[in-house]
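Shown next: entry_17.csv, containing CSV, C-alpha atoms.
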```csv
chain,number,residue,atom,x,y,z
A,1,MET,CA,-30.0,0.6,16.2
A,2,TRP,CA,-32.1,0.8,13.1
A,3,CYS,CA,-30.2,3.9,11.9
A,4,ALA,CA,-26.9,2.1,12.1
A,5,SER,CA,-28.3,-1.0,10.4
A,6,CYS,CA,-29.8,1.0,7.6
A,7,LEU,CA,-26.6,3.0,7.0
A,8,ALA,CA,-24.2,0.1,7.0
A,9,SER,CA,-26.5,-2.4,5.3
A,10,ALA,CA,-27.3,0.0,2.5
A,11,CYS,CA,-23.7,0.9,1.8
A,12,ALA,CA,-22.3,-2.6,2.2
A,13,GLY,CA,-25.2,-4.0,0.3
A,14,CYS,CA,-24.4,-2.0,-2.8
A,15,ALA,CA,-20.8,-3.2,-2.8
A,16,CYS,CA,-22.0,-6.7,-1.9
A,17,ASN,CA,-24.3,-6.9,-4.9
A,18,LEU,CA,-21.6,-5.8,-7.3
A,19,CYS,CA,-19.2,-8.5,-6.0
A,20,THR,CA,-21.8,-11.3,-5.8
A,21,SER,CA,-22.8,-10.9,-9.4
A,22,ALA,CA,-19.3,-12.1,-10.4
A,23,ALA,CA,-18.8,-14.6,-7.6
A,24,SER,CA,-20.0,-17.6,-9.5
A,25,ALA,CA,-17.4,-17.0,-12.3
A,26,VAL,CA,-14.4,-17.0,-10.0
A,27,THR,CA,-11.9,-19.7,-10.7
A,28,ARG,CA,-8.6,-20.7,-9.1
A,29,ARG,CA,-6.9,-18.5,-11.7
A,30,SER,CA,-9.0,-15.4,-10.9
A,31,ALA,CA,-9.1,-15.8,-7.1
A,32,ARG,CA,-6.6,-13.1,-6.5
A,33,ILE,CA,-8.4,-10.8,-8.8
A,34,ALA,CA,-11.6,-11.4,-6.8
A,35,TYR,CA,-9.8,-10.5,-3.6
A,36,CYS,CA,-8.6,-7.3,-5.2
A,37,GLY,CA,-12.2,-6.5,-6.2
A,38,LEU,CA,-13.4,-7.1,-2.7
A,39,PHE,CA,-10.7,-4.9,-1.3
A,40,ALA,CA,-11.3,-2.1,-3.9
A,41,ALA,CA,-15.0,-2.2,-3.0
A,42,SER,CA,-14.1,-1.6,0.6
A,43,LEU,CA,-12.1,1.5,-0.4
A,44,ILE,CA,-14.9,2.8,-2.5
A,45,LEU,CA,-17.3,2.2,0.4
A,46,SER,CA,-15.0,4.1,2.7
A,47,PHE,CA,-14.7,7.0,0.4
A,48,LEU,CA,-18.5,7.2,0.0
A,49,LEU,CA,-19.1,7.1,3.7
A,50,ARG,CA,-16.4,9.6,4.3
A,51,GLN,CA,-18.3,12.0,2.0
A,52,PHE,CA,-21.9,11.4,3.0
A,53,ALA,CA,-22.3,9.5,6.3
A,54,ALA,CA,-21.6,12.2,8.8
A,55,PRO,CA,-25.2,13.4,9.2
A,56,LEU,CA,-26.4,9.8,9.8
A,57,LEU,CA,-23.7,8.9,12.3
A,58,GLN,CA,-24.5,11.9,14.3
A,59,HIS,CA,-27.9,10.3,15.2
A,60,ILE,CA,-26.4,7.0,16.4
A,61,PRO,CA,-26.2,7.2,20.3
A,62,TRP,CA,-23.2,4.9,20.8
A,63,ILE,CA,-21.2,6.8,18.1
A,64,ASN,CA,-22.2,10.3,19.0
A,65,ALA,CA,-21.9,9.7,22.7
A,66,PHE,CA,-20.6,13.2,23.5
A,67,ASP,CA,-22.1,16.1,25.5
A,68,GLN,CA,-21.1,18.3,22.6
A,69,THR,CA,-21.3,17.0,19.0
A,70,PRO,CA,-17.9,16.8,17.3
A,71,PRO,CA,-17.4,18.4,13.9
A,72,ASP,CA,-18.3,16.5,10.7
A,73,GLU,CA,-14.7,15.6,10.1
A,74,TRP,CA,-14.6,13.4,13.2
A,75,PHE,CA,-17.6,11.4,11.9
A,76,GLN,CA,-16.0,11.1,8.5
A,77,MET,CA,-12.9,9.7,10.0
A,78,ASN,CA,-14.9,7.3,12.3
A,79,ALA,CA,-16.8,5.9,9.3
A,80,VAL,CA,-13.6,5.2,7.4
A,81,LEU,CA,-12.1,3.5,10.4
A,82,ARG,CA,-15.1,1.3,11.0
A,83,VAL,CA,-15.2,0.0,7.4
A,84,SER,CA,-11.4,-0.5,7.5
A,85,LEU,CA,-11.8,-2.5,10.7
A,86,GLY,CA,-14.4,-4.8,9.1
A,87,ASN,CA,-12.1,-5.3,6.1
A,88,PHE,CA,-9.1,-5.9,8.3
A,89,LEU,CA,-10.9,-8.6,10.4
A,90,PHE,CA,-12.1,-10.3,7.2
A,91,PHE,CA,-8.5,-10.7,5.8
A,92,ALA,CA,-7.0,-11.3,9.3
A,93,ILE,CA,-9.4,-14.2,9.9
A,94,PHE,CA,-8.4,-15.8,6.6
A,95,ALA,CA,-4.7,-15.2,7.3
A,96,ILE,CA,-5.1,-17.2,10.5
A,97,MET,CA,-7.2,-19.9,8.8
A,98,MET,CA,-4.6,-20.4,6.0
A,99,ILE,CA,-1.6,-21.0,8.3
A,100,GLY,CA,0.4,-24.1,7.4
A,101,ILE,CA,-1.0,-24.9,3.9
A,102,LYS,CA,1.7,-26.5,1.9
A,103,ASP,CA,-0.1,-28.3,-1.0
A,104,GLN,CA,-3.4,-28.1,-2.9
A,105,ASN,CA,-4.8,-31.3,-1.3
A,106,ASP,CA,-5.3,-29.4,1.9
A,107,ARG,CA,-9.0,-28.7,2.4
A,108,ARG,CA,-8.3,-25.1,3.2
A,109,ASP,CA,-7.0,-24.6,-0.3
A,110,ALA,CA,-10.5,-24.8,-1.6
A,111,TRP,CA,-11.6,-22.2,1.1
A,112,HIS,CA,-9.0,-19.8,-0.3
A,113,HIS,CA,-10.1,-20.1,-3.9
A,114,GLY,CA,-13.9,-20.8,-3.6
A,115,GLY,CA,-17.0,-20.1,-1.7
A,116,TRP,CA,-17.2,-16.5,-2.9
A,117,ILE,CA,-20.9,-15.9,-2.1
A,118,ALA,CA,-20.3,-16.9,1.5
A,119,LYS,CA,-17.2,-14.8,1.6
A,120,ILE,CA,-18.9,-11.7,0.4
A,121,ALA,CA,-21.7,-12.3,2.9
A,122,VAL,CA,-19.3,-12.6,5.7
A,123,TRP,CA,-17.4,-9.5,4.5
A,124,ALA,CA,-20.6,-7.4,4.4
A,125,VAL,CA,-21.7,-8.7,7.8
A,126,LEU,CA,-18.4,-7.8,9.4
A,127,ILE,CA,-18.6,-4.2,8.0
A,128,VAL,CA,-22.2,-3.8,9.3
A,129,LEU,CA,-21.2,-5.1,12.7
A,130,MET,CA,-18.4,-2.6,13.0
A,131,PHE,CA,-21.0,0.2,13.1
A,132,CYS,CA,-22.4,-1.4,16.3
A,133,VAL,CA,-19.2,-1.4,18.3
A,134,PRO,CA,-18.4,1.4,20.8
A,135,ASN,CA,-16.0,4.2,20.0
A,136,ILE,CA,-13.3,2.8,22.3
A,137,VAL,CA,-12.8,-0.2,19.9
A,138,ILE,CA,-12.3,2.2,17.0
A,139,THR,CA,-9.9,4.3,19.0
A,140,ILE,CA,-7.8,1.2,19.8
A,141,TYR,CA,-7.9,0.2,16.1
A,142,GLU,CA,-6.9,3.7,15.1
A,143,VAL,CA,-3.7,3.4,17.1
A,144,LEU,CA,-2.9,-0.1,15.9
A,145,SER,CA,-3.5,1.0,12.3
A,146,LYS,CA,-0.6,3.5,12.5
A,147,PHE,CA,1.8,0.6,13.3
A,148,GLY,CA,0.2,-1.7,10.7
A,149,SER,CA,0.5,1.0,8.1
A,150,GLY,CA,4.1,1.5,8.9
A,151,LEU,CA,4.7,-2.3,8.4
A,152,PHE,CA,2.8,-2.2,5.1
A,153,LEU,CA,5.0,0.7,3.9
A,154,LEU,CA,8.1,-1.3,4.9
A,155,VAL,CA,6.9,-4.2,2.8
A,156,GLN,CA,6.4,-1.8,-0.2
A,157,VAL,CA,10.0,-0.7,0.1
A,158,VAL,CA,11.3,-4.3,0.2
A,159,MET,CA,9.1,-5.1,-2.8
A,160,LEU,CA,10.6,-2.1,-4.7
A,161,LEU,CA,14.2,-3.2,-4.0
A,162,ASP,CA,13.4,-6.8,-5.0
A,163,PHE,CA,11.7,-5.6,-8.2
A,164,THR,CA,14.6,-3.3,-9.3
A,165,ASN,CA,17.2,-6.0,-8.7
A,166,ASN,CA,15.2,-8.6,-10.6
A,167,TRP,CA,14.7,-6.1,-13.4
A,168,ASN,CA,18.4,-5.4,-13.6
A,169,ASP,CA,19.4,-9.0,-13.4
A,170,SER,CA,16.9,-10.1,-16.1
A,171,TRP,CA,18.3,-7.6,-18.6
A,172,VAL,CA,22.0,-8.2,-17.7
A,173,GLU,CA,21.5,-12.0,-18.1
A,174,LYS,CA,20.4,-11.5,-21.7
A,175,ASP,CA,24.0,-10.4,-22.5
A,176,GLU,CA,23.0,-8.6,-25.7
A,177,GLN,CA,24.0,-5.1,-26.7
A,178,LYS,CA,20.5,-3.9,-27.1
A,179,TRP,CA,19.6,-4.7,-23.5
A,180,GLU,CA,22.8,-3.0,-22.3
A,181,ILE,CA,21.7,0.1,-24.2
A,182,ALA,CA,18.2,-0.2,-22.7
A,183,LEU,CA,19.8,-0.3,-19.2
A,184,LEU,CA,21.8,2.8,-20.0
A,185,VAL,CA,18.7,4.6,-21.3
A,186,VAL,CA,16.7,3.7,-18.2
A,187,THR,CA,19.5,4.9,-16.0
A,188,VAL,CA,20.0,8.2,-17.8
A,189,VAL,CA,16.2,8.9,-17.9
A,190,CYS,CA,15.8,8.1,-14.2
A,191,TYR,CA,18.7,10.4,-13.1
A,192,LEU,CA,17.6,13.2,-15.4
A,193,SER,CA,14.1,12.9,-14.0
A,194,THR,CA,15.4,12.9,-10.4
A,195,PHE,CA,17.4,16.1,-10.9
A,196,ALA,CA,14.8,17.9,-13.0
A,197,PHE,CA,12.0,17.0,-10.6
A,198,SER,CA,14.1,18.2,-7.6
A,199,GLY,CA,14.5,21.5,-9.4
A,200,VAL,CA,10.8,21.8,-9.9
A,201,LEU,CA,10.3,21.0,-6.2
A,202,PHE,CA,12.6,23.9,-5.3
A,203,MET,CA,10.3,26.2,-7.3
A,204,TRP,CA,7.1,24.9,-5.9
A,205,PHE,CA,8.0,24.4,-2.2
A,206,ASN,CA,10.6,27.2,-1.7
A,207,PRO,CA,8.7,30.4,-2.7
A,208,SER,CA,10.6,33.6,-2.5
A,209,GLY,CA,9.9,35.8,0.5
A,210,HIS,CA,9.4,32.8,2.9
A,211,ASP,CA,11.7,30.9,5.2
A,212,CYS,CA,11.2,27.4,4.0
A,213,GLY,CA,14.3,25.7,5.5
A,214,LEU,CA,12.5,22.4,6.3
A,215,ASN,CA,11.4,22.0,2.6
A,216,VAL,CA,14.9,22.9,1.4
A,217,PHE,CA,16.4,20.3,3.8
A,218,PHE,CA,14.1,17.6,2.5
A,219,ILE,CA,14.9,18.4,-1.2
A,220,VAL,CA,18.7,18.6,-0.6
A,221,MET,CA,18.7,15.4,1.3
A,222,THR,CA,16.9,13.7,-1.7
A,223,LEU,CA,19.7,14.9,-4.0
A,224,ILE,CA,22.4,13.8,-1.6
A,225,LEU,CA,20.9,10.4,-1.4
A,226,ALA,CA,20.7,10.1,-5.2
A,227,PHE,CA,24.5,10.8,-5.4
A,228,ALA,CA,25.2,8.5,-2.5
A,229,PHE,CA,23.3,5.6,-4.3
A,230,ALA,CA,25.5,6.0,-7.4
A,231,ILE,CA,28.8,6.3,-5.5
A,232,VAL,CA,28.1,3.2,-3.4
A,233,ALA,CA,26.7,1.1,-6.2
A,234,LEU,CA,29.7,1.9,-8.4
A,235,HIS,CA,32.3,1.2,-5.7
A,236,PRO,CA,34.7,-1.5,-6.9
A,237,GLN,CA,34.1,-3.7,-3.8
A,238,VAL,CA,30.3,-3.5,-4.1
A,239,ASN,CA,28.5,-5.9,-6.4
A,240,GLY,CA,26.0,-3.2,-7.4
A,241,SER,CA,24.6,-1.7,-10.6
A,242,ILE,CA,23.8,1.9,-11.5
A,243,MET,CA,20.4,1.1,-12.9
A,244,PRO,CA,18.7,0.1,-9.6
A,245,ALA,CA,20.4,3.1,-8.0
A,246,SER,CA,18.7,5.4,-10.6
A,247,VAL,CA,15.3,3.8,-10.1
A,248,ILE,CA,15.5,4.1,-6.3
A,249,SER,CA,16.6,7.8,-6.7
A,250,VAL,CA,13.6,8.7,-8.8
A,251,TYR,CA,11.4,6.9,-6.3
A,252,CYS,CA,12.9,8.9,-3.4
A,253,ALA,CA,12.3,12.1,-5.4
A,254,TYR,CA,8.6,11.0,-5.8
A,255,LEU,CA,8.3,10.3,-2.1
A,256,CYS,CA,9.8,13.8,-1.4
A,257,TYR,CA,7.2,15.3,-3.6
A,258,THR,CA,4.3,13.4,-2.0
A,259,SER,CA,5.6,14.5,1.4
A,260,LEU,CA,5.8,18.2,0.5
A,261,SER,CA,2.5,18.2,-1.3
A,262,SER,CA,0.8,16.8,1.8
A,263,GLU,CA,1.7,19.9,3.8
A,264,PRO,CA,-1.3,21.9,5.0
A,265,TYR,CA,-2.8,24.0,2.3
A,266,ASP,CA,-2.5,27.2,4.3
A,267,TYR,CA,1.2,26.7,4.9
A,268,ALA,CA,3.1,29.5,3.2
A,269,CYS,CA,5.8,27.2,1.8
A,270,ASN,CA,3.4,24.9,0.0
A,271,GLY,CA,3.5,26.8,-3.2
A,272,LEU,CA,1.8,24.1,-5.2
A,273,HIS,CA,-1.6,24.9,-3.6
A,274,ARG,CA,-0.9,28.5,-2.8
A,275,HIS,CA,-3.6,29.7,-5.2
A,276,SER,CA,-6.3,27.1,-4.6
A,277,LYS,CA,-8.6,27.4,-1.7
A,278,GLN,CA,-10.0,23.9,-1.7
A,279,VAL,CA,-9.6,20.6,-3.6
A,280,SER,CA,-12.3,20.0,-6.2
A,281,MET,CA,-14.4,16.8,-6.1
A,282,SER,CA,-12.8,15.7,-9.4
A,283,ALA,CA,-9.3,16.0,-7.9
A,284,LEU,CA,-10.4,14.1,-4.8
A,285,ILE,CA,-11.9,11.3,-6.9
A,286,LEU,CA,-8.7,11.1,-9.0
A,287,GLY,CA,-6.7,10.9,-5.8
A,288,MET,CA,-8.9,8.1,-4.6
A,289,LEU,CA,-8.6,6.1,-7.8
A,290,THR,CA,-4.8,6.4,-7.5
A,291,THR,CA,-4.9,5.2,-4.0
A,292,VAL,CA,-7.1,2.2,-4.9
A,293,LEU,CA,-4.7,1.2,-7.7
A,294,SER,CA,-1.5,1.6,-5.8
A,295,VAL,CA,-2.7,-0.2,-2.6
A,296,VAL,CA,-4.3,-3.1,-4.6
A,297,TYR,CA,-1.2,-3.5,-6.7
A,298,SER,CA,1.1,-3.4,-3.7
A,299,ALA,CA,-0.9,-5.9,-1.7
A,300,VAL,CA,-1.3,-8.4,-4.6
A,301,ARG,CA,2.4,-8.1,-5.7
A,302,ALA,CA,3.7,-8.7,-2.2
A,303,GLY,CA,1.3,-11.5,-1.4
A,304,SER,CA,2.1,-13.2,-4.6
A,305,SER,CA,5.9,-13.0,-4.3
A,306,THR,CA,7.7,-16.1,-3.1
A,307,THR,CA,10.4,-13.7,-1.8
A,308,PHE,CA,8.1,-13.1,1.2
A,309,LEU,CA,7.5,-16.0,3.6
A,310,SER,CA,7.0,-18.7,1.0
A,311,PRO,CA,5.7,-22.0,2.1
A,312,PRO,CA,8.7,-24.5,2.5
A,313,SER,CA,7.4,-26.7,-0.2
A,314,SER,CA,7.2,-23.9,-2.8
A,315,PRO,CA,10.1,-23.3,-5.2
A,316,ARG,CA,11.5,-19.8,-5.1
A,317,SER,CA,10.5,-18.8,-8.6
A,318,GLY,CA,7.8,-16.2,-7.9
A,319,ALA,CA,9.4,-13.6,-10.1
A,320,LYS,CA,8.2,-15.4,-13.2
A,321,ASN,CA,4.7,-16.0,-12.0
A,322,PRO,CA,2.0,-13.8,-13.5
A,323,LEU,CA,0.9,-11.0,-11.2
A,324,LEU,CA,-2.7,-11.9,-10.8
A,325,GLY,CA,-2.9,-15.4,-12.2
A,326,ASP,CA,-2.1,-18.6,-10.4
A,327,GLU,CA,0.2,-21.1,-12.0
A,328,GLU,CA,-1.5,-23.6,-9.8
A,329,THR,CA,-3.8,-25.5,-12.1
A,330,GLY,CA,-6.8,-27.0,-10.4
A,331,LYS,CA,-6.8,-30.4,-8.9
A,332,ASP,CA,-6.6,-33.0,-11.6
A,333,ASP,CA,-9.2,-35.7,-11.8
A,334,ASP,CA,-6.4,-38.2,-11.0
A,335,LYS,CA,-6.2,-37.7,-7.3
A,336,GLU,CA,-3.6,-40.4,-6.9
A,337,SER,CA,-1.0,-38.1,-8.4
A,338,GLU,CA,1.6,-36.3,-6.3
A,339,PRO,CA,0.2,-33.3,-4.4
A,340,ARG,CA,0.9,-30.0,-6.0
A,341,PRO,CA,2.6,-27.5,-3.7
A,342,VAL,CA,1.1,-24.0,-3.4
A,343,SER,CA,3.0,-21.3,-5.3
A,344,TYR,CA,2.7,-18.6,-2.6
A,345,SER,CA,1.9,-18.2,1.0
A,346,TYR,CA,-1.9,-17.8,1.5
A,347,THR,CA,-1.4,-16.6,5.0
A,348,PHE,CA,1.0,-13.8,3.9
A,349,PHE,CA,-1.3,-12.9,1.0
A,350,HIS,CA,-4.2,-12.2,3.4
A,351,LEU,CA,-1.9,-10.6,5.9
A,352,ILE,CA,-0.8,-8.0,3.3
A,353,PHE,CA,-4.4,-7.2,2.5
A,354,ALA,CA,-5.1,-6.8,6.2
A,355,LEU,CA,-2.2,-4.4,6.6
A,356,ALA,CA,-3.3,-2.6,3.4
A,357,SER,CA,-6.7,-2.1,5.0
A,358,MET,CA,-5.0,-0.2,7.8
A,359,TYR,CA,-2.9,1.8,5.4
A,360,SER,CA,-5.9,2.8,3.2
A,361,ALA,CA,-7.7,4.1,6.3
A,362,MET,CA,-4.7,6.2,7.2
A,363,LEU,CA,-4.6,7.6,3.7
A,364,LEU,CA,-8.3,8.5,3.7
A,365,THR,CA,-8.1,10.2,7.2
A,366,GLY,CA,-4.7,11.9,6.8
A,367,TRP,CA,-3.2,9.5,9.4
A,368,THR,CA,-6.2,10.4,11.6
A,369,SER,CA,-5.2,14.1,11.5
A,370,ALA,CA,-7.9,14.9,9.0
A,371,ALA,CA,-10.3,16.1,11.7
A,372,SER,CA,-8.2,19.2,12.0
A,373,GLU,CA,-8.2,19.8,8.3
A,374,LYS,CA,-10.9,20.7,5.8
A,375,SER,CA,-13.3,17.9,5.0
A,376,GLU,CA,-12.5,18.2,1.3
A,377,LEU,CA,-8.9,17.3,1.8
A,378,MET,CA,-7.5,13.8,1.8
A,379,ASP,CA,-4.1,12.6,3.1
A,380,VAL,CA,-3.0,16.1,4.1
A,381,GLY,CA,-1.3,17.2,7.3
A,382,TRP,CA,2.0,17.2,9.1
A,383,THR,CA,1.6,13.6,10.2
A,384,THR,CA,1.4,12.5,6.6
A,385,VAL,CA,4.4,14.7,5.7
A,386,TRP,CA,6.6,13.0,8.2
A,387,VAL,CA,5.4,9.5,7.4
A,388,ARG,CA,6.2,10.0,3.7
A,389,ILE,CA,9.6,11.6,4.3
A,390,CYS,CA,10.5,8.8,6.8
A,391,THR,CA,9.5,6.3,4.2
A,392,GLU,CA,12.0,7.9,1.8
A,393,TRP,CA,14.8,7.7,4.3
A,394,VAL,CA,14.0,4.1,5.2
A,395,THR,CA,14.0,3.2,1.5
A,396,ALA,CA,17.4,4.8,1.2
A,397,ALA,CA,18.8,3.0,4.3
A,398,LEU,CA,17.5,-0.4,3.1
A,399,TYR,CA,18.9,0.1,-0.4
A,400,ILE,CA,22.4,1.0,1.0
A,401,TRP,CA,22.1,-2.0,3.3
A,402,THR,CA,21.5,-4.4,0.4
A,403,LEU,CA,24.7,-3.1,-1.2
A,404,ILE,CA,27.0,-3.2,1.8
A,405,ALA,CA,25.6,-6.2,3.7
A,406,PRO,CA,27.6,-8.7,1.6
A,407,LEU,CA,30.8,-6.8,2.5
A,408,LEU,CA,30.0,-6.8,6.2
A,409,PHE,CA,28.9,-10.4,6.3
A,410,PRO,CA,30.8,-12.2,3.6
A,411,ASP,CA,29.9,-15.7,5.0
A,412,ARG,CA,26.2,-15.2,4.5
A,413,ASP,CA,24.2,-15.7,1.3
A,414,PHE,CA,22.2,-12.6,0.3
A,415,SER,CA,21.1,-13.9,-3.1
```

Written as structure tokens, that's how I'd like the structure from this file.
Amino acid sequence: MWCASCLASACAGCACNLCTSAASAVTRRSARIAYCGLFAASLILSFLLRQFAAPLLQHIPWINAFDQTPPDEWFQMNAVLRVSLGNFLFFAIFAIMMIGIKDQNDRRDAWHHGGWIAKIAVWAVLIVLMFCVPNIVITIYEVLSKFGSGLFLLVQVVMLLDFTNNWNDSWVEKDEQKWEIALLVVTVVCYLSTFAFSGVLFMWFNPSGHDCGLNVFFIVMTLILAFAFAIVALHPQVNGSIMPASVISVYCAYLCYTSLSSEPYDYACNGLHRHSKQVSMSALILGMLTTVLSVVYSAVRAGSSTTFLSPPSSPRSGAKNPLLGDEETGKDDDKESEPRPVSYSYTFFHLIFALASMYSAMLLTGWTSAASEKSELMDVGWTTVWVRICTEWVTAALYIWTLIAPLLFPDRDFS
């Protein structure tokens, strides 16, 4: 027991001390930034345990409960999943506690924005306790994380579609020539980037002398989708715009690249890493930082948007809210004034962080296929390839649906 306590307490304590030092300075405006910091700390903790915790976990009897000790990669994956489970429980508990909050006079509003020292302590305790649970609990969470991660990816796609449409509408509404030129420039740049990037993918992932039909299929499908987006968006009966189509096209090309680059490093058609035998520590750290930034941004942007499950009393104006700042000013001294409605759903905000915890665990473990890969690799394997490529296709399907749905259901309001 002491080994598990020392391991988890030491690692969680380091992150806890960093977070606690700034807890007293957290205000209503910076609450979302503080949640981001806590979430980022969990990712850094997961990364550190992934790199260094395997020798310690091997000496914990309820974790290494095997007749034959598994490889180090299994313990690395197990450590990441345990931290992820603690982080998931923290945000899931808050998501349940915040159900039904409509205005700032609700006592739970203060729980959401304050009490940070207590929150950090609870977060650290949850992570420590996860190293005391049996492996069967982690196995169940591993399975559930795959579904939760898929849901998080779906939310990311919906966010992207909402963002591109709002971006296009905001520039069109200005009704000035310079903004029309800006729309044209963005469209041209995105389409040129899509086609040029696709050409580079052909060179990297279709090396001569190898039968790389699957890679060619992925790249050709990406090009076909780019053309399909433009054709549908420009159809006279579709109330679409070419600029969002170009942005979605370049995003699909990016997803195709991330999918192909996640192929096993010993796969002959993965020409990008054909000449490198392992990923350096600097590249791994850079990949981790990118993961932290992308997951935190996605979670905060989704949880802050009133497009997603806004409380009934909140006006639908989230697009103009600052990303990390609340437009909710604190409770005025005049408590007899009319209650201020909350500007976003606290429950959904925490739910997104909970799902992001699952998603980050899948990234760090290669969707739990990392045990079969080299320990230096992160987010690599055939499972990752298919998750990424399916995300691209779902993105394409949802975008096409947003264009044709008003034609199929003219009596419904899709604004």

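Comparing A:Cys252, A:Leu56, A:Ala405, A:Val216 by their smallest distance to Gly199 (chain A), the closest is A:Val216 (using only C-alpha atoms).
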
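Here CA of Arg388 (chain A) is placed at a distance of 5.1 Å from CA of Ser259 (chain A).
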
Practice task
For Ile127 (chain A), work out the shell of residues within 8 Å, counting all atoms listed in the file and skipping chain neighbours fewer than 3 positions away, then give it as a ChimeraX atom specification.
Solution key: /A:8,12,82-83,85-87,123-124,130-131

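We find CA of Asn165 (chain A) and CA of Val238 (chain A) to be spaced 14.1 Å apart.
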
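With only C-alpha atoms as the atoms that count, the minimum distance from Phe39 (chain A) to the choices A:Leu408, A:Ser84, A:Pro207, A:Ile99 is reached by A:Ser84.
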
Problem - Who sits within 10 Å of region 175-189 of chain A, all atoms listed in the file, same chain under 2 positions skipped, as a ChimeraX atom specification - result: /A:167-168,170-173,191-194,241-247,250

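Of the residues listed (A:Leu38, A:Leu272, A:Ile389, A:Val232), A:Ile389 shows the shortest atom-to-atom separation from Ala253 (chain A); distances use all atoms listed in the file.
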
Problem - Polymer residues at most 9 Å from region 108-112 of chain A, all atoms listed in the file, same-chain spacing of 2 or more positions, as a PyMOL selection string - result: chain A and resi 28+31+94+97-98+101+103-106+114-116+342+346
